[in-house]
Amino acid sequence: MKKFPVKLQIVSGILIIAALVLVYVRGGLSLPSITAAERWKGESEKAFSQMAVYFHEGLGPDIQELYTFRVNLDSEYSDKSVEAGENERLYNDAWCTFGKMTLFSEKDKVEASVTACGGDFFFFHPYELLSGGYFSDEELSRDLVVLDEDLAWRLFGGVDIAGQNVIIGNDVFVVSGVIRREEDKASKLSYDGGMGFYMSYEAYRARTEGCRADCYEIVMHEVVEGFAEGFLKDKFSSGQVINNSERLSFSAGVKTAKAFGTRSAQVGGIRLPYWENAARYTEDYNALYSVLIIALFVIPVLTVLFDIVFFIVLGWRKVKTAVRSRIIDIDY
């Protein structure tokens with residue numbers, strides 16, 4: 001019988017180490033914009049999912065439809081006898097739309113990208129604050145804005161400017177805070193809006209005719225598996241519903257790899273925000289790593305199977321040899 005293939009064992013060991021390294025790297029794939037469910041869950045025993053809905057430009061829900069959605073969701077939980085525990089909420093949501101506006105300061109005048117946001121937007125997008133703070137829906141004042149770092153430098157020559165005034169149209173707004181955009185590679189490659197800022201959805205709506213949401217995000221309790229996705233698809237049938245909670249799992253990576261080439265095409269006029277494009281970029285790497293991990297484990301698995309067969313055959317031959325020797329001894 002041939003010698004045991006030691007070289008194959010060495011190659012298999014190297015491939016296993018490479019696969020384990022990729023498992024570690026794949027495990028580090030993450031984006032703040034798709035981790036809301038984990039953060040919202042905290043120590044709760046309930047299951048939560050983070051969903052996003054993207055709409056055709058100008059055809060998303062208006063503010064009243066968004067409030068109606070909340071009422072319908074509360075009613076659905078009530079009908080299913082689902083109640084929030086102490087200091088617990090069953091869901092948290094946010095929405096936004098995008099545009100361009102001109103801002104004035106004593107130093108300069110700039111046309112910048114604006115994200116008009118409502119709900120708990122900065123929970124879903126926890127940007128690093130360089131100064132000041134965020135604004136929220138609970139505040140009575142709608143005259144607050146958050147500037148990104150580049151716009152703050154352009155308008156004021158620095159970032160420590162919380163409380164300073166900017167003029168938009170004929171109205172004075174107060175700078176609530178200054179943020180730094182995400183530093184990860186996916187977000188840097190995906191963001192193409194230039195200098196930008198954030199303002200209240202209500203303030204933007206008051207200045208924009210026919211304002212409708214381009215994006216709706218929610219983290220919500222899963223009554224049963226698939227409840228969140230099914231509910232959103234029913235209530236927002238014209239939008240593209242995406243489940244953010246499991247999109248960087250190993251199984252999701254394999255599924256993305258199977259859809260290679262077809263998932264990149266976007267039709268129908270849905271405008272995706274940069275954080276969704278960053279998530280898709282990260283998904284592609286998750287798919288690549290997942291496929292490579294499978295490929296790297298193929299040879300070691302086959303080697304193990306070969307080893308099993310090798311030792312079974314070797315053992316069987318030894319048994320046959322021993323039996324033959326015993327028979328010969330008996331004959332003599």
# chains A, B, ... in the order shown; residues from 1 in each chain; ligands from 1

call {"tool": "residues_around", "arguments": {"residues": "A:His56", "least_positions_apart": "5", "cutoff": "12 Å", "atoms": "only C-alpha atoms", "output": "list in words"}}
result
Pro61, Thr97, Arg212, Ala213, Asp214, Cys215, Phe236, Ser237, Ser238, Gly239, Gln240, Gln266, Val267, Gly268, Gly269, Ile270, Arg271 and Leu272 of chain A

call {"tool": "select_by_dssp", "arguments": {"residues": "stretch 224-290 of chain A", "states": "alpha helix (DSSP H)", "output": "mmCIF file with N, CA and C atoms, in the first residue's frame"}}
result
data_model
loop_
_atom_site.group_PDB
_atom_site.id
_atom_site.type_symbol
_atom_site.label_atom_id
_atom_site.label_comp_id
_atom_site.auth_asym_id
_atom_site.auth_seq_id
_atom_site.Cartn_x
_atom_site.Cartn_y
_atom_site.Cartn_z
ATOM 1 N N PHE A 227 -42.300 38.208 11.039
ATOM 2 C CA PHE A 227 -43.414 39.132 11.279
ATOM 3 C C PHE A 227 -43.080 40.541 10.791
ATOM 4 N N ALA A 228 -41.904 41.046 11.159
ATOM 5 C CA ALA A 228 -41.538 42.423 10.827
ATOM 6 C C ALA A 228 -41.507 42.647 9.317
ATOM 7 N N GLU A 229 -40.831 41.759 8.608
ATOM 8 C CA GLU A 229 -40.713 41.916 7.156
ATOM 9 C C GLU A 229 -42.076 41.826 6.479
ATOM 10 N N GLY A 230 -42.894 40.867 6.914
ATOM 11 C CA GLY A 230 -44.222 40.718 6.328
ATOM 12 C C GLY A 230 -45.113 41.907 6.581
ATOM 13 N N PHE A 231 -45.042 42.462 7.793
ATOM 14 C CA PHE A 231 -45.876 43.610 8.134
ATOM 15 C C PHE A 231 -45.497 44.834 7.305
ATOM 16 N N LEU A 232 -44.205 45.076 7.151
ATOM 17 C CA LEU A 232 -43.769 46.236 6.374
ATOM 18 C C LEU A 232 -44.107 46.074 4.893
ATOM 19 N N LYS A 233 -43.948 44.882 4.362
ATOM 20 C CA LYS A 233 -44.280 44.666 2.953
ATOM 21 C C LYS A 233 -45.766 44.874 2.696
ATOM 22 N N ASP A 234 -46.573 44.561 3.695
ATOM 23 C CA ASP A 234 -48.014 44.762 3.563
ATOM 24 C C ASP A 234 -48.375 46.244 3.620
ATOM 25 N N LYS A 235 -47.761 46.980 4.540
ATOM 26 C CA LYS A 235 -48.119 48.387 4.737
ATOM 27 C C LYS A 235 -47.404 49.328 3.773
ATOM 28 N N PHE A 250 -23.397 34.425 7.874
ATOM 29 C CA PHE A 250 -22.735 33.524 6.923
ATOM 30 C C PHE A 250 -23.720 33.054 5.858
ATOM 31 N N SER A 251 -24.924 32.667 6.286
ATOM 32 C CA SER A 251 -25.922 32.186 5.322
ATOM 33 C C SER A 251 -26.317 33.288 4.347
ATOM 34 N N ALA A 252 -26.382 34.541 4.855
ATOM 35 C CA ALA A 252 -26.698 35.664 3.972
ATOM 36 C C ALA A 252 -25.581 35.884 2.959
ATOM 37 N N GLY A 253 -24.336 35.633 3.380
ATOM 38 C CA GLY A 253 -23.209 35.759 2.458
ATOM 39 C C GLY A 253 -23.303 34.770 1.309
ATOM 40 N N VAL A 254 -23.664 33.540 1.637
ATOM 41 C CA VAL A 254 -23.829 32.509 0.593
ATOM 42 C C VAL A 254 -24.977 32.891 -0.340
ATOM 43 N N LYS A 255 -26.056 33.386 0.231
ATOM 44 C CA LYS A 255 -27.213 33.791 -0.577
ATOM 45 C C LYS A 255 -26.845 34.947 -1.506
ATOM 46 N N THR A 256 -26.073 35.898 -0.992
ATOM 47 C CA THR A 256 -25.636 37.027 -1.819
ATOM 48 C C THR A 256 -24.748 36.548 -2.958
ATOM 49 N N ALA A 257 -23.885 35.592 -2.665
ATOM 50 C CA ALA A 257 -22.999 35.055 -3.698
ATOM 51 C C ALA A 257 -23.802 34.376 -4.809
ATOM 52 N N LYS A 258 -24.879 33.711 -4.433
ATOM 53 C CA LYS A 258 -25.725 33.051 -5.432
ATOM 54 C C LYS A 258 -26.391 34.063 -6.353
ATOM 55 N N TYR A 274 -26.536 56.714 1.013
ATOM 56 C CA TYR A 274 -25.178 56.187 0.979
ATOM 57 C C TYR A 274 -24.977 55.061 1.990
ATOM 58 N N TRP A 275 -25.694 55.099 3.129
ATOM 59 C CA TRP A 275 -25.487 54.035 4.116
ATOM 60 C C TRP A 275 -26.007 52.687 3.622
ATOM 61 N N GLU A 276 -27.017 52.694 2.752
ATOM 62 C CA GLU A 276 -27.489 51.446 2.167
ATOM 63 C C GLU A 276 -26.485 50.936 1.135
ATOM 64 N N ASN A 277 -25.913 51.840 0.346
ATOM 65 C CA ASN A 277 -24.884 51.420 -0.605
ATOM 66 C C ASN A 277 -23.656 50.886 0.129
ATOM 67 N N ALA A 278 -23.332 51.497 1.286
ATOM 68 C CA ALA A 278 -22.220 50.995 2.098
ATOM 69 C C ALA A 278 -22.526 49.598 2.620
ATOM 70 N N ALA A 279 -23.778 49.375 3.008
ATOM 71 C CA ALA A 279 -24.181 48.046 3.487
ATOM 72 C C ALA A 279 -24.062 47.016 2.368
ATOM 73 N N ARG A 280 -24.435 47.400 1.156
ATOM 74 C CA ARG A 280 -24.335 46.472 0.017
ATOM 75 C C ARG A 280 -22.877 46.176 -0.330
ATOM 76 N N TYR A 281 -22.046 47.181 -0.208
ATOM 77 C CA TYR A 281 -20.607 46.999 -0.431
ATOM 78 C C TYR A 281 -20.065 45.985 0.581
ATOM 79 N N THR A 282 -20.463 46.142 1.846
ATOM 80 C CA THR A 282 -20.015 45.236 2.900
ATOM 81 C C THR A 282 -20.598 43.844 2.699
ATOM 82 N N GLU A 283 -21.835 43.777 2.224
ATOM 83 C CA GLU A 283 -22.460 42.489 1.899
ATOM 84 C C GLU A 283 -21.643 41.722 0.860
ATOM 85 N N ASP A 284 -21.126 42.436 -0.132
ATOM 86 C CA ASP A 284 -20.341 41.779 -1.178
ATOM 87 C C ASP A 284 -19.085 41.129 -0.588
ATOM 88 N N TYR A 285 -18.438 41.832 0.355
ATOM 89 C CA TYR A 285 -17.266 41.253 1.001
ATOM 90 C C TYR A 285 -17.661 40.067 1.874
ATOM 91 N N ASN A 286 -18.813 40.171 2.522
ATOM 92 C CA ASN A 286 -19.304 39.045 3.313
ATOM 93 C C ASN A 286 -19.520 37.823 2.424
ATOM 94 N N ALA A 287 -20.073 38.057 1.232
ATOM 95 C CA ALA A 287 -20.293 36.966 0.278
ATOM 96 C C ALA A 287 -18.958 36.364 -0.169
ATOM 97 N N LEU A 288 -17.988 37.234 -0.472
ATOM 98 C CA LEU A 288 -16.672 36.763 -0.916
ATOM 99 C C LEU A 288 -16.010 35.913 0.161
ATOM 100 N N TYR A 289 -15.997 36.422 1.396
ATOM 101 C CA TYR A 289 -15.362 35.680 2.488
ATOM 102 C C TYR A 289 -16.083 34.356 2.750
ATOM 103 N N SER A 290 -17.414 34.380 2.690
ATOM 104 C CA SER A 290 -18.188 33.166 2.951
ATOM 105 C C SER A 290 -17.865 32.080 1.933
#

call {"tool": "residues_around", "arguments": {"residues": "stretch 114-130 of chain A", "least_positions_apart": "6", "cutoff": "8 Å", "atoms": "only C-alpha atoms", "output": "ChimeraX atom specification"}}
result
/A:32-36,92-101,136-137,149,159-160,177-182,196-202,204,217

call {"tool": "closest_residue", "arguments": {"among": "A:Glu246, A:Asp192, A:Asp62, A:Asp171", "to": "A:Thr102", "atoms": "only C-alpha atoms"}}
result
A:Asp171

call {"tool": "decode", "arguments": {"residues": "stretch 135-150 of chain A", "atoms": "N, CA and C atoms", "output": "short mmCIF file (atom, residue, chain, number, x, y, z; two decimals), in the first residue's frame"}}
result
data_model
loop_
_atom_site.label_atom_id
_atom_site.label_comp_id
_atom_site.auth_asym_id
_atom_site.auth_seq_id
_atom_site.Cartn_x
_atom_site.Cartn_y
_atom_site.Cartn_z
N PHE A 135 -30.38 66.75 17.64
CA PHE A 135 -31.73 67.20 17.98
C PHE A 135 -32.66 65.99 17.88
N SER A 136 -33.85 66.11 18.44
CA SER A 136 -34.79 64.99 18.42
C SER A 136 -36.20 65.49 18.15
N ASP A 137 -37.09 64.54 17.87
CA ASP A 137 -38.49 64.88 17.60
C ASP A 137 -39.19 65.45 18.83
N GLU A 138 -38.67 65.13 20.02
CA GLU A 138 -39.33 65.57 21.24
C GLU A 138 -39.15 67.06 21.50
N GLU A 139 -38.14 67.66 20.89
CA GLU A 139 -37.88 69.08 21.12
C GLU A 139 -38.94 69.94 20.43
N LEU A 140 -39.41 70.93 21.17
CA LEU A 140 -40.44 71.82 20.62
C LEU A 140 -39.86 72.69 19.51
N SER A 141 -38.62 73.08 19.65
CA SER A 141 -37.98 73.94 18.65
C SER A 141 -37.61 73.12 17.42
N ARG A 142 -37.95 73.63 16.25
CA ARG A 142 -37.61 72.97 14.99
C ARG A 142 -36.52 73.72 14.24
N ASP A 143 -35.84 74.63 14.93
CA ASP A 143 -34.87 75.48 14.25
C ASP A 143 -33.43 75.04 14.55
N LEU A 144 -33.23 73.72 14.74
CA LEU A 144 -31.89 73.20 15.03
C LEU A 144 -31.36 72.44 13.82
N VAL A 145 -30.06 72.54 13.61
CA VAL A 145 -29.40 71.80 12.53
C VAL A 145 -28.12 71.17 13.06
N VAL A 146 -27.75 70.05 12.46
CA VAL A 146 -26.47 69.40 12.74
C VAL A 146 -25.64 69.45 11.46
N LEU A 147 -24.44 70.00 11.55
CA LEU A 147 -23.56 70.13 10.39
C LEU A 147 -22.53 69.02 10.38
N ASP A 148 -22.11 68.62 9.19
CA ASP A 148 -20.97 67.71 9.17
C ASP A 148 -19.69 68.53 9.25
N GLU A 149 -18.58 67.85 9.47
CA GLU A 149 -17.31 68.52 9.75
C GLU A 149 -16.88 69.46 8.62
N ASP A 150 -17.02 69.00 7.38
CA ASP A 150 -16.58 69.82 6.25
C ASP A 150 -17.39 71.11 6.13
#
